[in-house]
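Dumped input-v9.txt below, it's compact mmCIF, C-alpha atoms:
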# COMPACT_ATOMS: atom_id res chain seq x y z
CA LYS A 1 27.13 1.30 -35.99
CA MET A 2 23.68 -0.25 -35.63
CA ALA A 3 21.93 3.13 -35.40
CA ASN A 4 23.74 4.38 -38.54
CA LEU A 5 22.70 1.26 -40.45
CA ALA A 6 19.12 1.68 -39.23
CA VAL A 7 18.93 5.28 -40.48
CA ILE A 8 20.51 4.41 -43.84
CA SER A 9 18.24 1.44 -44.50
CA SER A 10 14.98 3.04 -43.31
CA HIS A 11 12.69 5.19 -45.42
CA SER A 12 11.43 7.07 -42.34
CA VAL A 13 13.08 7.97 -39.02
CA ASN A 14 11.24 9.48 -36.08
CA GLY A 15 11.61 10.49 -32.47
CA VAL A 16 8.84 9.81 -29.97
CA SER A 17 7.99 13.43 -29.12
CA ALA A 18 8.47 16.73 -30.92
CA LEU A 19 11.40 17.66 -28.66
CA HIS A 20 12.99 14.23 -29.06
CA SER A 21 12.65 14.39 -32.84
CA ASP A 22 14.38 17.79 -32.82
CA ILE A 23 17.22 16.37 -30.71
CA LEU A 24 17.69 13.56 -33.25
CA LYS A 25 17.95 16.12 -36.04
CA GLU A 26 20.12 18.61 -34.17
CA THR A 27 22.59 16.29 -32.44
CA VAL A 28 22.23 12.49 -32.50
CA PHE A 29 21.78 12.12 -36.27
CA ASN A 30 22.66 15.62 -37.39
CA ASP A 31 24.97 14.42 -40.18
CA PHE A 32 22.27 12.13 -41.58
CA TYR A 33 19.65 14.87 -41.25
CA THR A 34 21.90 17.25 -43.20
CA GLU A 35 22.19 14.73 -46.05
CA MET A 36 18.67 13.27 -46.07
CA PRO A 37 16.27 15.60 -44.21
CA GLU A 38 13.24 14.13 -45.94
CA LYS A 39 13.61 10.93 -43.88
CA PHE A 40 13.08 12.61 -40.52
CA GLN A 41 9.57 12.83 -39.04
CA ASN A 42 7.97 13.06 -35.60
CA VAL A 43 5.59 10.47 -34.18
CA THR A 44 4.70 11.32 -30.58
CA ASN A 45 4.06 8.39 -28.25
CA GLY A 46 0.47 7.59 -27.35
CA ILE A 47 -1.65 5.80 -24.77
CA ALA A 48 -4.59 3.40 -24.89
CA HIS A 49 -7.30 5.76 -23.70
CA ARG A 50 -9.90 3.01 -23.45
CA ARG A 51 -7.70 1.37 -20.79
CA TRP A 52 -6.38 4.45 -19.01
CA LEU A 53 -9.67 6.36 -18.98
CA ASN A 54 -12.65 4.07 -19.59
CA GLN A 55 -11.35 1.03 -17.71
CA SER A 56 -9.28 2.78 -15.04
CA ASN A 57 -11.66 5.65 -14.28
CA PRO A 58 -15.22 4.45 -14.91
CA GLU A 59 -16.86 7.35 -13.04
CA LEU A 60 -15.12 9.95 -15.20
CA ALA A 61 -15.88 7.92 -18.32
CA SER A 62 -19.57 7.84 -17.34
CA LEU A 63 -19.62 11.62 -16.85
CA LEU A 64 -18.02 12.12 -20.25
CA THR A 65 -20.51 9.80 -21.93
CA GLU A 66 -23.39 11.63 -20.23
CA LYS A 67 -22.15 15.07 -21.32
CA ILE A 68 -20.63 14.50 -24.78
CA GLY A 69 -21.84 11.06 -25.86
CA ASP A 70 -19.80 7.90 -26.31
CA GLY A 71 -18.13 8.83 -29.62
CA TYR A 72 -14.87 9.65 -27.81
CA ILE A 73 -14.41 5.96 -26.99
CA HIS A 74 -13.54 5.26 -30.62
CA ASP A 75 -12.47 8.78 -31.60
CA ALA A 76 -10.52 10.41 -28.78
CA ALA A 77 -10.53 13.76 -30.62
CA GLN A 78 -14.15 14.09 -29.49
CA LEU A 79 -12.96 14.59 -25.91
CA GLU A 80 -12.51 18.22 -26.89
CA LYS A 81 -16.32 18.62 -26.77
CA PHE A 82 -15.95 18.48 -22.98
CA LEU A 83 -14.39 21.98 -23.07
CA GLU A 84 -17.81 23.59 -23.25
CA PHE A 85 -18.31 22.62 -19.57
CA LYS A 86 -15.12 24.21 -18.20
CA ASP A 87 -17.14 27.00 -16.54
CA ASP A 88 -20.15 24.85 -15.60
CA ALA A 89 -20.28 24.83 -11.80
CA SER A 90 -22.34 21.63 -11.64
CA VAL A 91 -19.97 19.67 -13.88
CA LEU A 92 -16.91 20.99 -12.04
CA GLU A 93 -18.45 19.91 -8.73
CA GLN A 94 -19.07 16.44 -10.19
CA LEU A 95 -15.44 16.28 -11.34
CA GLY A 96 -14.30 17.11 -7.82
CA LYS A 97 -16.47 14.34 -6.35
CA ILE A 98 -15.18 11.81 -8.87
CA LYS A 99 -11.58 12.69 -8.05
CA ARG A 100 -12.26 12.39 -4.34
CA ASN A 101 -13.89 8.97 -4.84
CA ASN A 102 -10.81 7.80 -6.73
CA LYS A 103 -8.61 9.11 -3.90
CA ILE A 104 -10.71 7.21 -1.36
CA ARG A 105 -10.45 4.04 -3.48
CA LEU A 106 -6.65 4.39 -3.56
CA ALA A 107 -6.47 5.21 0.17
CA GLU A 108 -8.48 2.09 1.02
CA TYR A 109 -6.15 -0.05 -1.10
CA ILE A 110 -3.01 1.46 0.48
CA LYS A 111 -4.48 0.86 3.96
CA LYS A 112 -4.99 -2.78 3.02
CA ALA A 113 -1.64 -3.22 1.21
CA ASN A 114 0.68 -1.02 3.30
CA ASN A 115 -1.31 -0.43 6.51
CA ILE A 116 -0.86 3.34 6.09
CA VAL A 117 -3.79 5.73 6.52
CA LEU A 118 -4.08 8.53 3.96
CA ASP A 119 -6.16 11.69 4.12
CA PRO A 120 -8.32 11.92 0.98
CA ASP A 121 -8.71 15.65 1.59
CA SER A 122 -4.96 16.23 1.20
CA ILE A 123 -3.35 16.97 -2.17
CA PHE A 124 -2.41 13.68 -3.87
CA ASP A 125 0.91 14.42 -5.57
CA ILE A 126 2.13 11.37 -7.50
CA GLN A 127 5.33 10.37 -9.30
CA ILE A 128 5.25 6.92 -10.91
CA LYS A 129 7.88 5.87 -13.45
CA ARG A 130 11.17 3.97 -13.63
CA MET A 131 13.55 4.92 -10.84
CA HIS A 132 16.29 6.84 -12.63
CA GLU A 133 18.51 9.83 -11.93
CA TYR A 134 17.29 11.67 -15.03
CA LYS A 135 13.66 11.33 -13.94
CA ARG A 136 14.79 13.03 -10.72
CA GLN A 137 12.75 11.33 -8.03
CA HIS A 138 15.54 12.55 -5.75
CA LEU A 139 14.61 16.17 -6.57
CA ASN A 140 11.05 15.45 -5.44
CA ALA A 141 12.30 13.70 -2.28
CA LEU A 142 14.78 16.47 -1.46
CA HIS A 143 11.94 19.01 -1.69
CA ILE A 144 9.79 16.85 0.62
CA LEU A 145 12.70 16.84 3.07
CA THR A 146 12.75 20.66 3.01
CA LEU A 147 8.97 20.71 3.64
CA TYR A 148 9.46 18.38 6.61
CA GLN A 149 12.14 20.63 8.05
CA TRP A 150 9.99 23.73 7.51
CA LEU A 151 6.91 22.17 9.13
CA ARG A 152 8.92 21.15 12.18
CA ASP A 153 10.10 24.75 12.54
CA ASN A 154 6.67 26.24 11.76
CA PRO A 155 4.09 23.85 13.24
CA ASN A 156 1.27 26.41 13.12
CA ALA A 157 1.92 27.65 9.59
CA ASP A 158 -0.85 27.73 6.98
CA PHE A 159 -0.18 24.57 4.98
CA THR A 160 -2.48 22.51 2.78
CA PRO A 161 -1.98 18.84 3.75
CA HIS A 162 0.02 16.89 1.18
CA THR A 163 0.32 13.21 0.36
CA TYR A 164 3.32 12.40 -1.82
CA ILE A 165 3.19 8.99 -3.51
CA PHE A 166 6.00 7.25 -5.39
CA GLY A 167 5.90 4.09 -7.44
CA ALA A 168 9.01 2.79 -9.18
CA LYS A 169 11.39 -0.07 -9.75
CA ALA A 170 15.15 0.19 -10.23
CA ALA A 171 17.03 -1.88 -12.78
CA ALA A 172 18.76 -4.85 -11.13
CA GLY A 173 22.29 -3.48 -11.45
CA TYR A 174 21.48 0.21 -11.00
CA TYR A 175 22.99 0.85 -7.57
CA PHE A 176 22.38 4.61 -7.51
CA ALA A 177 18.68 4.17 -8.30
CA LYS A 178 18.40 1.73 -5.40
CA GLN A 179 20.00 4.34 -3.16
CA MET A 180 17.30 6.78 -4.28
CA ILE A 181 14.64 4.24 -3.25
CA ARG A 182 16.30 3.80 0.15
CA PHE A 183 16.34 7.55 0.64
CA ILE A 184 12.63 7.92 -0.20
CA VAL A 185 11.55 4.93 1.92
CA ASN A 186 13.52 6.04 4.97
CA LEU A 187 12.38 9.63 4.59
CA ALA A 188 8.78 8.35 4.42
CA GLU A 189 9.20 6.32 7.60
CA THR A 190 10.68 9.33 9.40
CA ILE A 191 7.89 11.70 8.34
CA ASN A 192 4.98 9.27 8.75
CA ASN A 193 6.07 8.41 12.30
CA ASP A 194 6.62 12.01 13.41
CA PRO A 195 3.47 13.25 15.19
CA ARG A 196 4.64 16.85 14.76
CA VAL A 197 3.97 16.72 11.01
CA ASN A 198 2.20 13.49 10.02
CA GLN A 199 -1.27 15.04 10.06
CA LYS A 200 -0.12 17.48 7.38
CA LEU A 201 2.48 15.52 5.43
CA ARG A 202 2.59 11.87 4.33
CA VAL A 203 4.94 10.02 1.99
CA ILE A 204 4.21 6.61 0.47
CA PHE A 205 6.45 4.39 -1.63
CA VAL A 206 4.14 1.68 -2.96
CA GLU A 207 5.56 -1.82 -3.05
CA ASN A 208 6.00 -3.80 -6.28
CA TYR A 209 4.84 -1.01 -8.59
CA CYS A 210 3.08 -2.39 -11.66
CA VAL A 211 0.26 -1.63 -14.13
CA SER A 212 -2.39 -2.69 -11.61
CA TRP A 213 -1.03 -0.10 -9.18
CA ALA A 214 -0.94 2.50 -11.97
CA GLU A 215 -4.62 1.91 -12.73
CA LEU A 216 -5.41 2.91 -9.14
CA LEU A 217 -2.85 5.72 -8.81
CA THR A 218 -3.47 7.54 -12.07
CA PRO A 219 -7.20 8.35 -11.57
CA ALA A 220 -6.46 9.50 -7.99
CA ALA A 221 -3.64 11.88 -8.87
CA GLU A 222 -4.15 15.62 -8.58
CA ILE A 223 -0.56 16.62 -9.32
CA SER A 224 1.38 14.71 -11.96
CA GLU A 225 5.14 14.88 -11.34
CA GLN A 226 6.97 15.06 -14.71
CA ILE A 227 10.23 16.56 -13.54
CA SER A 228 12.99 15.07 -15.69
CA LEU A 229 15.86 17.35 -16.68
CA ALA A 230 14.97 19.10 -19.96
CA GLY A 231 16.43 17.21 -22.92
CA THR A 232 16.63 13.80 -21.20
CA GLU A 233 13.13 12.26 -21.42
CA ALA A 234 12.42 11.00 -24.93
CA SER A 235 8.69 11.33 -24.45
CA GLY A 236 7.03 9.73 -21.46
CA THR A 237 3.51 8.32 -21.42
CA SER A 238 2.57 8.48 -17.74
CA ASN A 239 2.22 12.24 -18.29
CA MET A 240 -0.50 11.49 -20.87
CA LYS A 241 -2.28 8.98 -18.61
CA PHE A 242 -2.35 11.50 -15.78
CA MET A 243 -3.51 14.24 -18.13
CA ILE A 244 -6.49 12.29 -19.48
CA ASN A 245 -7.53 11.56 -15.88
CA GLY A 246 -7.52 15.27 -15.06
CA ALA A 247 -4.28 15.59 -13.06
CA ILE A 248 -2.38 18.86 -13.40
CA THR A 249 1.12 18.42 -14.79
CA LEU A 250 3.88 19.91 -12.67
CA GLY A 251 6.86 19.54 -14.94
CA THR A 252 9.73 20.72 -17.03
CA LEU A 253 9.60 21.49 -20.75
CA ASP A 254 10.86 18.01 -21.58
CA GLY A 255 9.58 15.16 -23.73
CA ALA A 256 5.86 15.26 -24.43
CA ASN A 257 5.37 17.80 -21.62
CA VAL A 258 6.13 20.32 -24.37
CA GLU A 259 3.13 19.10 -26.35
CA ILE A 260 0.92 18.96 -23.25
CA HIS A 261 1.81 22.62 -22.66
CA ASP A 262 0.99 23.46 -26.28
CA ALA A 263 -2.39 21.72 -25.90
CA VAL A 264 -3.57 23.12 -22.56
CA GLY A 265 -1.84 26.53 -22.49
CA ASP A 266 0.00 28.34 -19.72
CA ASP A 267 -2.97 28.42 -17.36
CA ASN A 268 -3.55 24.66 -17.12
CA ILE A 269 -0.05 23.35 -16.44
CA ILE A 270 2.61 24.26 -13.86
CA LEU A 271 6.03 24.57 -15.47
CA PHE A 272 9.42 25.03 -13.85
CA GLY A 273 13.10 24.59 -14.52
CA MET A 274 15.56 25.17 -17.30
CA THR A 275 14.83 24.61 -20.98
CA THR A 276 17.00 22.25 -23.04
CA PRO A 277 19.16 25.09 -24.45
CA GLU A 278 19.63 26.48 -20.93
CA VAL A 279 20.69 23.05 -19.67
CA ASN A 280 23.20 22.72 -22.50
CA SER A 281 24.52 26.21 -21.85
CA LEU A 282 24.97 25.61 -18.11
CA ARG A 283 26.71 22.31 -18.76
CA ALA A 284 29.05 23.92 -21.30
CA SER A 285 29.95 26.69 -18.87
CA GLY A 286 30.95 24.16 -16.20
CA TYR A 287 28.10 23.43 -13.79
CA ASN A 288 29.17 23.26 -10.14
CA PRO A 289 26.39 22.06 -7.77
CA ARG A 290 28.34 23.30 -4.74
CA ASN A 291 27.38 26.84 -5.76
CA GLN A 292 23.73 25.94 -5.14
CA TYR A 293 24.61 24.35 -1.81
CA GLU A 294 26.62 27.34 -0.65
CA HIS A 295 24.16 30.05 -1.70
CA ASN A 296 20.79 28.50 -0.80
CA ASP A 297 20.16 27.96 2.92
CA ILE A 298 17.19 25.64 2.28
CA ILE A 299 19.23 23.38 -0.01
CA ARG A 300 22.17 23.39 2.41
CA LYS A 301 20.02 22.40 5.40
CA ALA A 302 18.37 19.55 3.44
CA MET A 303 21.66 18.31 2.00
CA ASP A 304 23.24 18.29 5.45
CA ALA A 305 20.33 16.19 6.74
CA LEU A 306 20.71 13.84 3.78
CA GLY A 307 24.42 13.47 4.59
CA GLN A 308 23.61 12.63 8.22
CA GLY A 309 20.95 10.07 7.21
CA PHE A 310 17.65 8.85 8.70
CA ASN A 311 16.66 5.93 10.91
CA GLY A 312 20.28 4.98 11.32
CA LYS A 313 20.68 4.72 7.52
CA THR A 314 23.27 6.84 5.73
CA PHE A 315 23.14 8.10 2.16
CA GLN A 316 26.70 9.27 1.63
CA ASN A 317 26.88 8.10 -2.00
CA LEU A 318 23.74 10.02 -2.91
CA HIS A 319 24.87 13.04 -0.89
CA GLN A 320 28.32 13.18 -2.49
CA ALA A 321 26.99 12.59 -6.01
CA LEU A 322 24.55 15.49 -5.67
CA LEU A 323 27.10 17.77 -4.04
CA ASN A 324 30.01 17.10 -6.39
CA VAL A 325 28.51 15.99 -9.72
CA ASP A 326 24.70 16.36 -9.85
CA GLN A 327 24.66 15.00 -13.38
CA TYR A 328 20.99 15.78 -13.87
CA MET A 329 21.09 19.21 -12.21
CA ALA A 330 18.56 18.60 -9.44
CA LEU A 331 20.09 21.34 -7.32
CA ALA A 332 20.14 23.79 -10.23
CA ASP A 333 16.38 23.36 -10.73
CA PHE A 334 15.53 23.08 -7.03
CA ALA A 335 14.50 26.69 -6.34
CA SER A 336 12.27 26.77 -9.42
CA TYR A 337 10.72 23.42 -8.47
CA SER A 338 10.03 24.61 -4.94
CA HIS A 339 8.32 27.73 -6.32
CA ALA A 340 6.18 25.54 -8.63
CA GLN A 341 5.08 23.43 -5.65
CA GLN A 342 4.05 26.59 -3.80
CA LYS A 343 2.11 27.76 -6.86
CA ALA A 344 0.30 24.41 -7.03
CA GLU A 345 -0.71 24.69 -3.38
CA GLN A 346 -2.12 28.19 -3.94
CA LEU A 347 -4.06 27.10 -7.04
CA TYR A 348 -5.46 24.10 -5.18
CA LYS A 349 -7.12 26.35 -2.60
CA ASP A 350 -9.58 27.46 -5.30
CA GLN A 351 -11.24 24.13 -6.02
CA THR A 352 -13.47 25.54 -8.76
CA LYS A 353 -10.43 26.85 -10.63
CA TRP A 354 -8.52 23.61 -10.02
CA ASN A 355 -11.38 21.46 -11.32
CA SER A 356 -11.64 23.69 -14.39
CA MET A 357 -7.91 23.14 -15.06
CA SER A 358 -8.51 19.42 -14.59
CA LEU A 359 -11.36 19.45 -17.11
CA VAL A 360 -9.24 21.23 -19.73
CA ASN A 361 -6.52 18.59 -19.35
CA THR A 362 -8.98 15.75 -19.92
CA ALA A 363 -10.60 17.53 -22.85
CA LYS A 364 -7.27 18.20 -24.58
CA ALA A 365 -5.79 14.72 -24.05
CA GLY A 366 -7.28 13.20 -27.19
CA ILE A 367 -4.20 14.07 -29.25
CA PHE A 368 -2.24 11.45 -27.27
CA ALA A 369 -4.55 8.51 -28.04
CA ALA A 370 -2.50 5.68 -29.53
CA ASP A 371 -5.19 5.26 -32.19

As a first step, turn the structure in this file into structure tokens.
Amino acid sequence: KMANLAVISSHSVNGVSALHSDILKETVFNDFYTEMPEKFQNVTNGIAHRRWLNQSNPELASLLTEKIGDGYIHDAAQLEKFLEFKDDASVLEQLGKIKRNNKIRLAEYIKKANNIVLDPDSIFDIQIKRMHEYKRQHLNALHILTLYQWLRDNPNADFTPHTYIFGAKAAAGYYFAKQMIRFIVNLAETINNDPRVNQKLRVIFVENYCVSWAELLTPAAEISEQISLAGTEASGTSNMKFMINGAITLGTLDGANVEIHDAVGDDNIILFGMTTPEVNSLRASGYNPRNQYEHNDIIRKAMDALGQGFNGKTFQNLHQALLNVDQYMALADFASYSHAQQKAEQLYKDQTKWNSMSLVNTAKAGIFAAD
């Protein structure tokens, strides 16, 4: 009863994002909220913007200081002044060059650390966070598998080159998470060594993910993968670090993604998937992932390949868990996720528009400063 004692003895109780705080009031502590609503607040998580912007992305920080002064360093709300440049062609071009320089910096480090060559002119799509079923790295990987299959069948198709990068560690005893890592690593080896596709598609799982890696990955990201099942991520902070560095969030309405959406508006984020009430409704009605498998040819083909394995490695546990349980509804959100990826690719083709979206994300990120 530790949580009950904590609520009773505290004068203030909060979640770590608006959505999380609502979940505490509606379900986790609903009885306490009914009796003592005045105790319940929201305090959204924050990030150290001086580390994740000024230290990690010095070129962007210099551009900001040149255009809006250095007041934002101690008052992140002043980042909003940057909005006045969202239609300034010169500034948008500078933003594009800064992003490309950060991509080159990351590519050089990965060549040195992993001996893998990346194309800095490809889309850098990055998911870095704890390896966990609810964060759904396996949804991302399953989609990459479908792209691989499609590119093999359509070698001359119009396709913007993609580089998908993962960074994560699994808890020591978390067997399923380690299976997810094995799946991603073996899929990466298969794709990166296939000359039919490896000029268009690359997958990297960085070794020994840590803060030093994050300081290189975050400024280089163009797409920020925030794809947890709605209602499962308390808040998240990598989404904020990506946002302040100008990456476009591709995510569900979960955790602080909800507040990112509120800040940047529909045009500067790419949303997909079920909402929390929709997730709860589907679960209550008896979710059966086999329905997705049986009625979606793309999912079925990818799942069959997953069941057969790669490089002599099999992933039966992962395959069966997705097919028979799919606790975090990766298959239910798959079609929507795939559509969101296609939308991102189309948006990326207009670099002026993309850089404008990037600028808005940086300018609106001040609300997440830990200050």

### Query
Hey, what's within 6 Å of region 241-256 of chain A if we count only C-alpha atoms and toss same-chain stuff fewer than 4 positions away? As a ChimeraX atom specification, please?
/A:17,19,218-219,221-227,230-231,233-235,269-273,358,361-362,365

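The space between CA of Ile123 (chain A) and CA of Ile191 (chain A) spans 16.3 Å.
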
### Query
From the set A:Ala171, A:Ala332, A:Met357, A:Ala370, which residue has the shortest atom-to-atom contact distance to Trp52 (chain A), counting all atoms listed in the file?
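Selected residue with least distance to Trp52 (chain A): A:Ala370.
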
### Task
Considering all atoms listed in the file, return as a count of residues only whatever protein or nucleic-acid residues lie within 9 Å of region 129-140 of chain A, sequence-local ones (same chain, fewer than 6 positions apart) excluded.
32

### Query
So what do you get for CA of Ala157 (chain A) versus CA of Leu347 (chain A), distance-wise?
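According to the coordinates, CA of Ala157 (chain A) and CA of Leu347 (chain A) are separated by 17.7 Å.
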
### Query
Can you list, as a PyMOL selection string, every protein, DNA or RNA residue that comes within 9 Å of region 100-102 of chain A when you count all atoms listed in the file, leaving out same-chain residues fewer than 5 positions away?
chain A and resi 57+59+95+107+120-121+216-217+219-221

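CA of Met240 (chain A) lies 13.7 Å from CA of Asp371 (chain A).
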
### Query
Contacts of Arg50 (chain A) at 10 Å or less, counting all atoms listed in the file, minus same-chain residues fewer than 5 places along, as an NGL selection string?
:A and (55-57 or 61 or 72-74 or 76 or 369-370)

### Best match for closeness to Lys81 (chain A) among A:Leu282, A:Val16, A:Ile68, A:Ala344, counting only C-alpha atoms
A:Ile68
